[in-house]
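What follows is the content of final_25.txt, which has compact mmCIF, C-alpha atoms:
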```
# COMPACT_ATOMS: atom_id res chain seq x y z
CA MET A 23 29.11 11.19 -21.64
CA ILE A 24 27.21 9.26 -19.00
CA THR A 25 24.25 10.94 -17.33
CA ILE A 26 23.61 10.04 -13.70
CA VAL A 27 20.24 10.78 -12.07
CA SER A 28 20.74 10.80 -8.33
CA GLY A 29 19.48 12.12 -5.02
CA LEU A 30 18.17 10.88 -1.71
CA PRO A 31 15.66 8.03 -1.79
CA ARG A 32 12.13 9.19 -2.70
CA SER A 33 13.39 12.50 -4.17
CA GLY A 34 11.93 12.10 -7.66
CA THR A 35 14.73 10.24 -9.45
CA SER A 36 12.33 7.85 -11.22
CA MET A 37 10.27 10.77 -12.50
CA MET A 38 13.44 12.45 -13.75
CA MET A 39 14.53 9.28 -15.54
CA LYS A 40 11.14 9.12 -17.25
CA MET A 41 11.40 12.80 -18.24
CA LEU A 42 14.87 12.43 -19.71
CA GLU A 43 13.83 9.32 -21.61
CA ALA A 44 10.77 11.14 -23.01
CA GLY A 45 13.04 14.03 -23.94
CA GLY A 46 15.22 11.78 -26.08
CA LEU A 47 17.95 10.53 -23.72
CA PRO A 48 17.86 6.72 -23.58
CA ALA A 49 17.64 5.18 -20.11
CA LEU A 50 19.84 2.30 -18.99
CA VAL A 51 17.42 0.06 -17.09
CA ASP A 52 17.02 -3.68 -16.60
CA GLN A 53 13.39 -4.02 -15.43
CA VAL A 54 14.46 -6.18 -12.45
CA ARG A 55 12.54 -3.94 -10.04
CA THR A 56 9.06 -3.55 -11.43
CA ALA A 57 6.42 -0.90 -10.86
CA ASP A 58 4.45 -1.10 -7.62
CA ILE A 59 2.25 1.09 -5.42
CA ASP A 60 5.24 3.22 -4.38
CA ASN A 61 6.39 3.83 -7.97
CA PRO A 62 3.41 3.09 -10.24
CA LYS A 63 5.32 4.19 -13.36
CA GLY A 64 8.42 2.12 -12.58
CA TYR A 65 11.72 2.54 -10.79
CA TYR A 66 14.01 2.98 -13.81
CA GLU A 67 16.85 1.08 -12.15
CA PHE A 68 19.86 -0.84 -13.38
CA GLU A 69 20.90 -3.35 -10.71
CA ARG A 70 24.60 -3.49 -11.64
CA VAL A 71 24.98 0.11 -10.47
CA LYS A 72 24.71 -1.21 -6.92
CA GLN A 73 27.91 -3.22 -7.41
CA LEU A 74 30.14 -0.13 -7.61
CA PRO A 75 33.08 0.07 -7.14
CA ALA A 76 33.69 -3.67 -7.69
CA ASP A 77 31.85 -3.77 -11.03
CA THR A 78 32.53 -0.94 -13.48
CA ALA A 79 32.35 -3.07 -16.64
CA TRP A 80 28.84 -1.72 -17.34
CA LEU A 81 29.99 1.91 -17.68
CA PRO A 82 30.64 1.75 -21.47
CA GLU A 83 27.05 0.51 -21.89
CA ALA A 84 25.88 3.66 -20.06
CA GLU A 85 27.58 6.09 -22.46
CA GLY A 86 25.02 8.35 -24.10
CA LYS A 87 22.35 7.20 -21.64
CA ALA A 88 20.86 8.14 -18.29
CA VAL A 89 21.30 5.78 -15.35
CA LYS A 90 19.79 6.12 -11.90
CA MET A 91 22.05 5.87 -8.85
CA VAL A 92 21.46 6.44 -5.15
CA SER A 93 23.54 9.37 -4.00
CA MET A 94 25.66 7.25 -1.66
CA LEU A 95 27.18 5.55 -4.72
CA LEU A 96 28.28 8.77 -6.42
CA TYR A 97 31.51 8.59 -4.40
CA GLU A 98 32.28 5.28 -6.13
CA LEU A 99 32.17 6.53 -9.73
CA PRO A 100 35.57 6.13 -11.39
CA LYS A 101 37.16 9.53 -11.93
CA ASP A 102 38.66 8.56 -15.30
CA ARG A 103 35.66 9.85 -17.27
CA PRO A 104 33.23 12.79 -17.19
CA TYR A 105 29.65 12.51 -15.99
CA GLN A 106 26.60 14.76 -16.08
CA VAL A 107 24.66 14.53 -12.83
CA VAL A 108 21.04 15.52 -12.36
CA PHE A 109 20.79 15.72 -8.59
CA MET A 110 17.22 15.60 -7.37
CA ARG A 111 16.17 17.51 -4.27
CA ARG A 112 12.87 17.41 -2.40
CA ALA A 113 11.47 18.88 0.78
CA MET A 114 12.85 16.70 3.60
CA PRO A 115 9.48 16.13 5.36
CA GLU A 116 8.12 14.72 2.09
CA ILE A 117 11.12 12.44 1.59
CA LEU A 118 10.80 11.15 5.14
CA ALA A 119 7.04 10.54 4.86
CA SER A 120 7.40 8.76 1.52
CA GLN A 121 10.33 6.63 2.67
CA LYS A 122 8.53 5.66 5.87
CA LYS A 123 5.38 4.63 3.99
CA MET A 124 7.41 2.55 1.54
CA LEU A 125 9.42 0.82 4.29
CA LEU A 126 6.32 0.04 6.35
CA ARG A 127 4.52 -1.30 3.29
CA ARG A 128 7.37 -3.76 2.82
CA ASP A 129 7.55 -4.73 6.48
CA ALA A 130 4.65 -3.69 8.71
CA ASN A 131 6.66 -4.64 11.81
CA MET A 132 9.59 -2.40 10.94
CA VAL A 133 10.40 0.35 13.40
CA VAL A 134 11.18 3.60 11.60
CA ASP A 135 12.72 6.34 13.70
CA ASP A 136 11.86 9.59 11.90
CA ALA A 137 14.39 11.67 13.84
CA GLU A 138 17.20 9.22 13.13
CA MET A 139 16.31 8.96 9.43
CA LYS A 140 16.16 12.75 9.17
CA GLN A 141 19.56 13.11 10.82
CA LEU A 142 21.11 10.49 8.52
CA PHE A 143 19.60 11.97 5.35
CA GLU A 144 20.45 15.58 6.24
CA GLY A 145 24.02 14.65 7.18
CA HIS A 146 24.52 12.73 3.96
CA LEU A 147 22.95 15.51 1.89
CA LYS A 148 25.29 18.10 3.41
CA ASN A 149 28.33 15.90 2.73
CA ILE A 150 27.39 14.86 -0.79
CA THR A 151 26.53 18.38 -1.98
CA ALA A 152 29.85 19.69 -0.67
CA TRP A 153 31.69 16.79 -2.32
CA LEU A 154 29.86 17.25 -5.64
CA SER A 155 30.94 20.89 -5.82
CA GLU A 156 34.60 19.81 -5.60
CA GLN A 157 34.56 17.15 -8.35
CA SER A 158 36.05 18.22 -11.68
CA HIS A 159 34.79 15.09 -13.48
CA LEU A 160 31.16 15.84 -12.59
CA LYS A 161 28.94 18.48 -14.19
CA VAL A 162 25.98 18.89 -11.84
CA ILE A 163 22.51 20.43 -12.02
CA GLU A 164 20.20 20.42 -9.01
CA VAL A 165 16.50 19.98 -9.69
CA TRP A 166 13.86 20.32 -7.00
CA TYR A 167 11.04 17.80 -7.31
CA ASN A 168 8.61 20.35 -5.91
CA ASP A 169 9.60 22.92 -8.58
CA MET A 170 9.25 20.29 -11.30
CA LEU A 171 5.63 19.76 -10.30
CA LYS A 172 4.84 23.49 -10.06
CA GLN A 173 6.65 24.67 -13.18
CA ALA A 174 7.46 21.66 -15.34
CA ALA A 175 7.98 23.63 -18.56
CA GLN A 176 10.45 26.02 -16.95
CA GLU A 177 12.41 23.16 -15.34
CA ALA A 178 12.42 21.19 -18.62
CA LYS A 179 13.88 24.25 -20.34
CA ARG A 180 16.57 24.55 -17.67
CA LEU A 181 17.41 20.85 -18.07
CA ASN A 182 17.50 21.17 -21.84
CA THR A 183 20.00 24.02 -21.52
CA PHE A 184 22.14 21.87 -19.21
CA PHE A 185 22.09 19.10 -21.85
CA GLY A 186 23.07 21.45 -24.68
CA GLY A 187 19.64 21.92 -26.23
CA THR A 188 19.23 18.33 -27.40
CA LEU A 189 16.08 17.36 -25.47
CA ASP A 190 12.38 17.62 -26.35
CA GLU A 191 11.05 19.93 -23.63
CA ALA A 192 7.38 19.38 -24.47
CA ALA A 193 7.77 15.60 -24.24
CA MET A 194 9.61 15.96 -20.94
CA THR A 195 6.88 18.17 -19.51
CA SER A 196 4.15 15.78 -20.65
CA VAL A 197 5.31 12.98 -18.33
CA VAL A 198 5.12 15.02 -15.12
CA ASP A 199 2.21 13.46 -13.26
CA GLU A 200 0.92 15.45 -10.30
CA THR A 201 -1.30 12.55 -9.20
CA LEU A 202 1.87 10.85 -8.01
CA TYR A 203 2.59 13.72 -5.60
CA ARG A 204 1.15 11.95 -2.60
CA ASN A 205 3.45 12.94 0.26
CA ARG A 206 3.22 16.70 0.59
CA ALA A 207 4.92 18.82 3.19
```

Take the structure I supplied and represent it as structure tokens, if you would.
Amino acid sequence: MITIVSGLPRSGTSMMMKMLEAGGLPALVDQVRTADIDNPKGYYEFERVKQLPADTAWLPEAEGKAVKMVSMLLYELPKDRPYQVVFMRRAMPEILASQKKMLLRRDANMVVDDAEMKQLFEGHLKNITAWLSEQSHLKVIEVWYNDMLKQAAQEAKRLNTFFGGTLDEAAMTSVVDETLYRNRA
């Protein structure tokens, strides 16, 4: 089984990858994108994921591991195998604020239209959640970033149940870092 951690940008996917890794599920990462001010604990990315659907040769390497993937790429997963998907959710105003800060940090001259970004993200979220519910090759659990910060132990227990009781809940809970919750609604 391949575990996919996905969601909109800035929804807590890196934190979830760190939690799953701490809980005992290895992470498929390549360290190409290193930690920075926007993700001080690292991005937990594997660059080849971005080559879907052209490059699927990495999928066997992902078996038994967690790999992070932007939600737009979920459509490109080959349907010839099952996947477990942890789909991260977060309050939209927080996603928008965090994304805007990150984009402006990378290019101070960039023009970010909040209304347009909100419309794009909300439209995509509506489409992807409907699509996910119709996919027989995907087993999906939704996790709210905001709930993870408020009740980490309860959410770790829920995740552990989803994964068949194989994860270390205490270790998962221990990596939740509220100091990284900087863009609050």

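Proximity to Met114 (chain A) at 9 Å, evaluated using all atoms listed in the file and with sequence-adjacent residues fewer than 6 positions away removed, yields Ser33, Lys140, Phe143, Glu144 and Ala207 of chain A.
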
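Going from CA of Val71 (chain A) to CA of His159 (chain A) covers 18.2 Å.
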
Taking only residues of region 137-179 of chain A that have an atom at most 12 Å from an atom of region 85-107 of chain A, what is each one's shortest atom pair and its distance in Å to one decimal, using all atoms listed in the file, in chain and number order, as CSV?
```
residue,atom,partner,partner_atom,distance
A:Leu142,CA,A:Met94,CA,11.6
A:Phe143,CA,A:Met94,CA,10.4
A:Gly145,CA,A:Met94,CA,11.6
A:His146,CA,A:Met94,CA,7.9
A:Leu147,CA,A:Ser93,CA,8.5
A:Lys148,CA,A:Ser93,CA,11.6
A:Asn149,CA,A:Met94,CA,10.1
A:Ile150,CA,A:Ser93,CA,7.4
A:Thr151,CA,A:Ser93,CA,9.7
A:Ala152,CA,A:Tyr97,CA,11.8
A:Trp153,CA,A:Tyr97,CA,8.5
A:Leu154,CA,A:Leu96,CA,8.7
A:Ser155,CA,A:Val107,CA,11.4
A:Glu156,CA,A:Tyr97,CA,11.7
A:Gln157,CA,A:Lys101,CA,8.8
A:Ser158,CA,A:Pro104,CA,8.2
A:His159,CA,A:Pro104,CA,4.6
A:Leu160,CA,A:Tyr105,CA,5.0
A:Lys161,CA,A:Gln106,CA,4.8
A:Val162,CA,A:Val107,CA,4.7
A:Ile163,CA,A:Val107,CA,6.3
A:Glu164,CA,A:Val107,CA,8.3
A:Val165,CA,A:Val107,CA,10.3
```

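In this comparison, which uses all atoms listed in the file, the residue of A:Thr195, A:Gln121, A:Ser36, A:Gln53 approaching Gln176 (chain A) most closely is A:Thr195.
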
Separation of CA of Pro31 (chain A) from CA of Ala84 (chain A), in Å and rounded to one decimal: 21.4 Å

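With only C-alpha atoms as the atoms that count, the residue of A:Val51, A:Met38, A:Leu189, A:Val197 with the shortest distance to Arg111 (chain A) is A:Met38.
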
What are the centre and edge lengths in Å, to one decimal, of the axis-aligned box around all listed atoms of region 92-100 of chain A with 8 Å added on each side, as JSON?
```
{"center_x": 28.5, "center_y": 7.3, "center_z": -6.5, "size_x": 30.1, "size_y": 20.1, "size_z": 25.7}
```

Counting only C-alpha atoms, the option among A:Met41, A:Ile24, A:Val108, A:Ala137 closest to Glu83 (chain A): A:Ile24

At a cut-off of 9 Å, using only C-alpha atoms, what residues contact Trp166 (chain A)? Leave out same-chain residues fewer than 5 positions from it and give the result as a compact mmCIF listing (two decimals) with C-alpha atoms, in the coordinates of the input.
```
# COMPACT_ATOMS: atom_id res chain seq x y z
CA SER A 33 13.39 12.50 -4.17
CA GLY A 34 11.93 12.10 -7.66
CA PHE A 109 20.79 15.72 -8.59
CA MET A 110 17.22 15.60 -7.37
CA ARG A 111 16.17 17.51 -4.27
CA ARG A 112 12.87 17.41 -2.40
CA ALA A 113 11.47 18.88 0.78
CA LEU A 171 5.63 19.76 -10.30
CA GLU A 177 12.41 23.16 -15.34
```

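CA of Thr35 (chain A) is found 8.5 Å from CA of Tyr66 (chain A).
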
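When all atoms listed in the file are used to compute distances to Ala49 (chain A), the closest of the residues A:Lys179, A:Leu30, A:Thr25, A:Ala79 turns out to be A:Thr25.
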